[in-house]
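Q: Starting off with a structure, shown below.
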Amino acid sequence: MVILKSRLQIMWSWGCCKFMALNEGLMWHVQGYLLNGWVKVLYNCGTDAFDVYFLNNKKELVKKVEEVYLDNLVDVLDWHIEKDDSFDYDKRVRQQYSFSLY
């Protein structure tokens with residue numbers, strides 16, 4: 001949670017709620033452009049990195065990203081929850097909210 005709070009504006013843009021502490025990590029619900037479901041982040045002590053699971057609302061696996069290092073965690077989460085190459089993010093935000101990010 002401390003890692004996520006370091007970039008609070010990005011985290012809250014995902015519509016985060018229902019946080020649950022797990023033995024080796026954290027799970028919460030998101031309502032992003034790309035994912036409306038659950039995110040589970042588990043620390044993998046063997047790789048000294050995080051394994052990230054993106055789940056649908058039924059908590060079924062949609063995608064798994066392994067070996068995400070501390071300095072890239074928020075960016076990897078943002079890429080899979082909020083934006084990717086499948087659309088023009090700025091254009092979509094302008095259409096929905098009538099303003100530009102830049």
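Each chain in the structure tokens gets a letter, A, B and so on, in the order shown; residues start at 1 in every chain, and ligands are counted from 1 in the order they appear.
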With only C-alpha atoms as the counted atoms, please give the residues lying no more than 8 Å from Leu26 in chain A, apart from itself and same-chain residues fewer than 5 positions off, as a compact mmCIF listing (two decimals) with N, CA and C atoms, in the first residue's frame.
A:
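What follows is the written file result_33.txt:
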```txt
# COMPACT_ATOMS: atom_id res chain seq x y z
N MET A 1 0.82 -1.18 0.00
CA MET A 1 0.00 0.00 0.00
C MET A 1 0.87 1.26 0.00
N PHE A 19 -10.15 -2.78 -0.39
CA PHE A 19 -8.79 -3.30 -0.19
C PHE A 19 -8.81 -4.47 0.79
N MET A 20 -8.03 -5.50 0.48
CA MET A 20 -7.91 -6.68 1.34
C MET A 20 -6.44 -7.05 1.49
N ALA A 21 -5.99 -7.15 2.72
CA ALA A 21 -4.62 -7.59 2.98
C ALA A 21 -4.55 -9.10 2.79
N LYS A 40 -4.64 -8.28 -7.85
CA LYS A 40 -3.97 -8.93 -6.73
C LYS A 40 -2.47 -8.81 -6.97
N VAL A 41 -1.77 -8.24 -5.99
CA VAL A 41 -0.32 -8.06 -6.07
C VAL A 41 0.30 -8.87 -4.95
N LEU A 42 1.14 -9.84 -5.33
CA LEU A 42 1.80 -10.70 -4.35
C LEU A 42 3.31 -10.55 -4.47
```
Q: When you look at Gly32 in chain A with a cut-off of 6 Å (counting only C-alpha atoms), what residues show up, excluding the ones that are within fewer than 6 positions of it in the same chain? I need them as a ChimeraX atom specification.
A: /A:14,81-82
Q: Quick one: residues within 8 Å of Lys63 in chain A, only C-alpha atoms counted, chain neighbours fewer than 2 positions away excluded, as a list in words?
A: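 The neighbour list is Tyr53, Phe54, Leu55, Leu61 and Val65 of chain A.
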Q: Residues near Leu34 in chain A, anyone? I mean within 10 Å using only C-alpha atoms, not counting same-chain ones fewer than 4 positions away, as a VMD selection string.
A: chain A and resid 14 30 78 to 84 86
Q: Selection from above, C-alpha atoms, as a compact mmCIF listing (two decimals), in the first residue's frame, can you write it?
A:
```txt
# COMPACT_ATOMS: atom_id res chain seq x y z
CA TRP A 14 -8.39 3.52 -11.08
CA VAL A 30 -10.66 -1.24 -9.65
CA ASP A 78 -1.65 1.69 -14.67
CA TRP A 79 -0.85 0.19 -18.08
CA HIS A 80 -3.16 -2.80 -17.51
CA ILE A 81 -5.94 -1.02 -15.58
CA GLU A 82 -6.18 2.31 -17.32
CA LYS A 83 -4.33 2.48 -20.64
CA ASP A 84 -2.50 0.53 -23.31
CA SER A 86 -5.44 -0.29 -27.94
```
Q: Determine, counting only C-alpha atoms, which protein, DNA and RNA residues have an atom within 7 Å of an atom of Gln31 in chain A; residues of the same chain fewer than 3 positions away are not included. Present the result as number ranges by chain.
A: A: 14-16, 35-37
Q: For the structure I just gave you, how does DSSP split chain A - specifically, which residues are strand (DSSP E or B)? Reply as an NGL selection string.
A: :A and (17-22 or 25-31 or 36-44 or 49-55 or 61-68)
Q: Now that the selection is made, can you save its residues with C-alpha atoms as a compact mmCIF listing (two decimals), in the first residue's frame?
A:
```txt
# COMPACT_ATOMS: atom_id res chain seq x y z
CA CYS A 17 -11.97 0.26 -3.31
CA LYS A 18 -12.45 -2.87 -1.18
CA PHE A 19 -8.79 -3.30 -0.19
CA MET A 20 -7.91 -6.68 1.34
CA ALA A 21 -4.62 -7.59 2.98
CA LEU A 22 -3.22 -10.98 1.92
CA GLY A 25 0.41 -8.89 -0.70
CA LEU A 26 -2.74 -6.92 -1.35
CA MET A 27 -5.93 -7.24 -3.39
CA TRP A 28 -8.45 -4.53 -4.32
CA HIS A 29 -11.19 -3.69 -6.77
CA VAL A 30 -10.66 -1.24 -9.65
CA GLN A 31 -12.88 0.49 -12.18
CA ASN A 36 -13.30 -3.36 -14.14
CA GLY A 37 -12.42 -6.10 -11.70
CA TRP A 38 -9.81 -7.07 -9.17
CA VAL A 39 -6.06 -6.63 -8.89
CA LYS A 40 -3.97 -8.93 -6.73
CA VAL A 41 -0.32 -8.06 -6.07
CA LEU A 42 1.80 -10.70 -4.35
CA TYR A 43 5.43 -10.40 -3.31
CA ASN A 44 7.57 -13.24 -4.65
CA ALA A 49 9.69 -8.84 -7.24
CA PHE A 50 5.90 -8.78 -7.45
CA ASP A 51 3.54 -11.03 -9.36
CA VAL A 52 0.45 -9.12 -10.47
CA TYR A 53 -2.87 -10.80 -11.23
CA PHE A 54 -5.64 -8.99 -13.09
CA LEU A 55 -9.02 -10.61 -12.40
CA LEU A 61 -7.78 -14.65 -14.03
CA VAL A 62 -7.66 -12.30 -17.02
CA LYS A 63 -3.90 -11.72 -17.12
CA LYS A 64 -0.81 -12.34 -15.01
CA VAL A 65 2.39 -10.30 -15.08
CA GLU A 66 5.39 -11.80 -13.29
CA GLU A 67 8.56 -10.23 -11.93
CA VAL A 68 7.40 -6.64 -11.64
```
Q: DSSP on the backbone: what in chain A comes out helix (DSSP H, G or I), as a PyMOL selection string?
A: chain A and resi 2-5+8-13+70-81+89-97
Q: Using N, CA and C atoms, can you export the residues from the last selection as an mmCIF file, in the first residue's frame?
A:
```
data_model
loop_
_atom_site.group_PDB
_atom_site.id
_atom_site.type_symbol
_atom_site.label_atom_id
_atom_site.label_comp_id
_atom_site.auth_asym_id
_atom_site.auth_seq_id
_atom_site.Cartn_x
_atom_site.Cartn_y
_atom_site.Cartn_z
ATOM 1 N N VAL A 2 1.996 1.191 0.656
ATOM 2 C CA VAL A 2 2.908 2.334 0.700
ATOM 3 C C VAL A 2 3.399 2.668 -0.712
ATOM 4 N N ILE A 3 3.663 1.648 -1.510
ATOM 5 C CA ILE A 3 4.115 1.859 -2.886
ATOM 6 C C ILE A 3 3.019 2.565 -3.684
ATOM 7 N N LEU A 4 1.795 2.110 -3.552
ATOM 8 C CA LEU A 4 0.679 2.727 -4.274
ATOM 9 C C LEU A 4 0.462 4.165 -3.828
ATOM 10 N N LYS A 5 0.569 4.417 -2.550
ATOM 11 C CA LYS A 5 0.356 5.763 -2.022
ATOM 12 C C LYS A 5 1.426 6.749 -2.493
ATOM 13 N N LEU A 8 -0.374 8.569 -5.500
ATOM 14 C CA LEU A 8 -1.777 8.538 -5.088
ATOM 15 C C LEU A 8 -2.748 8.959 -6.193
ATOM 16 N N GLN A 9 -2.406 9.982 -6.967
ATOM 17 C CA GLN A 9 -3.327 10.447 -8.013
ATOM 18 C C GLN A 9 -3.574 9.359 -9.053
ATOM 19 N N ILE A 10 -2.550 8.620 -9.409
ATOM 20 C CA ILE A 10 -2.712 7.528 -10.368
ATOM 21 C C ILE A 10 -3.564 6.431 -9.756
ATOM 22 N N MET A 11 -3.263 6.075 -8.528
ATOM 23 C CA MET A 11 -4.011 5.009 -7.861
ATOM 24 C C MET A 11 -5.500 5.331 -7.791
ATOM 25 N N TRP A 12 -5.853 6.537 -7.403
ATOM 26 C CA TRP A 12 -7.266 6.886 -7.273
ATOM 27 C C TRP A 12 -7.952 7.001 -8.624
ATOM 28 N N SER A 13 -7.192 7.230 -9.704
ATOM 29 C CA SER A 13 -7.806 7.283 -11.036
ATOM 30 C C SER A 13 -8.347 5.920 -11.452
ATOM 31 N N LEU A 70 9.814 -3.172 -7.917
ATOM 32 C CA LEU A 70 9.287 -2.084 -7.108
ATOM 33 C C LEU A 70 9.157 -0.773 -7.873
ATOM 34 N N ASP A 71 10.194 -0.387 -8.594
ATOM 35 C CA ASP A 71 10.183 0.909 -9.274
ATOM 36 C C ASP A 71 9.250 0.953 -10.486
ATOM 37 N N ASN A 72 8.749 -0.189 -10.938
ATOM 38 C CA ASN A 72 7.837 -0.229 -12.089
ATOM 39 C C ASN A 72 6.416 -0.635 -11.722
ATOM 40 N N LEU A 73 6.158 -0.935 -10.473
ATOM 41 C CA LEU A 73 4.877 -1.505 -10.085
ATOM 42 C C LEU A 73 3.689 -0.626 -10.452
ATOM 43 N N VAL A 74 3.705 0.636 -10.086
ATOM 44 C CA VAL A 74 2.570 1.513 -10.361
ATOM 45 C C VAL A 74 2.377 1.689 -11.864
ATOM 46 N N ASP A 75 3.462 1.812 -12.616
ATOM 47 C CA ASP A 75 3.343 1.966 -14.068
ATOM 48 C C ASP A 75 2.755 0.716 -14.723
ATOM 49 N N VAL A 76 3.161 -0.462 -14.288
ATOM 50 C CA VAL A 76 2.610 -1.708 -14.830
ATOM 51 C C VAL A 76 1.128 -1.814 -14.499
ATOM 52 N N LEU A 77 0.765 -1.496 -13.270
ATOM 53 C CA LEU A 77 -0.642 -1.515 -12.890
ATOM 54 C C LEU A 77 -1.442 -0.544 -13.746
ATOM 55 N N ASP A 78 -0.941 0.676 -13.893
ATOM 56 C CA ASP A 78 -1.647 1.694 -14.667
ATOM 57 C C ASP A 78 -1.817 1.254 -16.120
ATOM 58 N N TRP A 79 -0.802 0.646 -16.695
ATOM 59 C CA TRP A 79 -0.846 0.190 -18.081
ATOM 60 C C TRP A 79 -1.965 -0.838 -18.290
ATOM 61 N N HIS A 80 -2.168 -1.730 -17.343
ATOM 62 C CA HIS A 80 -3.157 -2.800 -17.507
ATOM 63 C C HIS A 80 -4.552 -2.431 -16.996
ATOM 64 N N ILE A 81 -4.637 -1.432 -16.120
ATOM 65 C CA ILE A 81 -5.937 -1.020 -15.578
ATOM 66 C C ILE A 81 -6.527 0.122 -16.391
ATOM 67 N N TYR A 89 -5.504 7.286 -25.380
ATOM 68 C CA TYR A 89 -5.963 7.602 -24.030
ATOM 69 C C TYR A 89 -6.422 9.056 -23.910
ATOM 70 N N ASP A 90 -5.619 9.982 -24.417
ATOM 71 C CA ASP A 90 -5.977 11.398 -24.317
ATOM 72 C C ASP A 90 -7.304 11.677 -25.036
ATOM 73 N N LYS A 91 -7.492 11.087 -26.201
ATOM 74 C CA LYS A 91 -8.735 11.287 -26.956
ATOM 75 C C LYS A 91 -9.938 10.760 -26.173
ATOM 76 N N ARG A 92 -9.790 9.611 -25.563
ATOM 77 C CA ARG A 92 -10.898 9.028 -24.802
ATOM 78 C C ARG A 92 -11.244 9.868 -23.574
ATOM 79 N N VAL A 93 -10.231 10.365 -22.888
ATOM 80 C CA VAL A 93 -10.466 11.223 -21.717
ATOM 81 C C VAL A 93 -11.159 12.512 -22.151
ATOM 82 N N ARG A 94 -10.694 13.114 -23.259
ATOM 83 C CA ARG A 94 -11.327 14.333 -23.780
ATOM 84 C C ARG A 94 -12.804 14.091 -24.089
ATOM 85 N N GLN A 95 -13.094 12.954 -24.723
ATOM 86 C CA GLN A 95 -14.480 12.645 -25.076
ATOM 87 C C GLN A 95 -15.358 12.448 -23.838
ATOM 88 N N GLN A 96 -14.817 11.761 -22.855
ATOM 89 C CA GLN A 96 -15.627 11.456 -21.678
ATOM 90 C C GLN A 96 -15.775 12.648 -20.737
ATOM 91 N N TYR A 97 -14.686 13.394 -20.551
ATOM 92 C CA TYR A 97 -14.701 14.460 -19.547
ATOM 93 C C TYR A 97 -14.618 15.864 -20.140
#
```
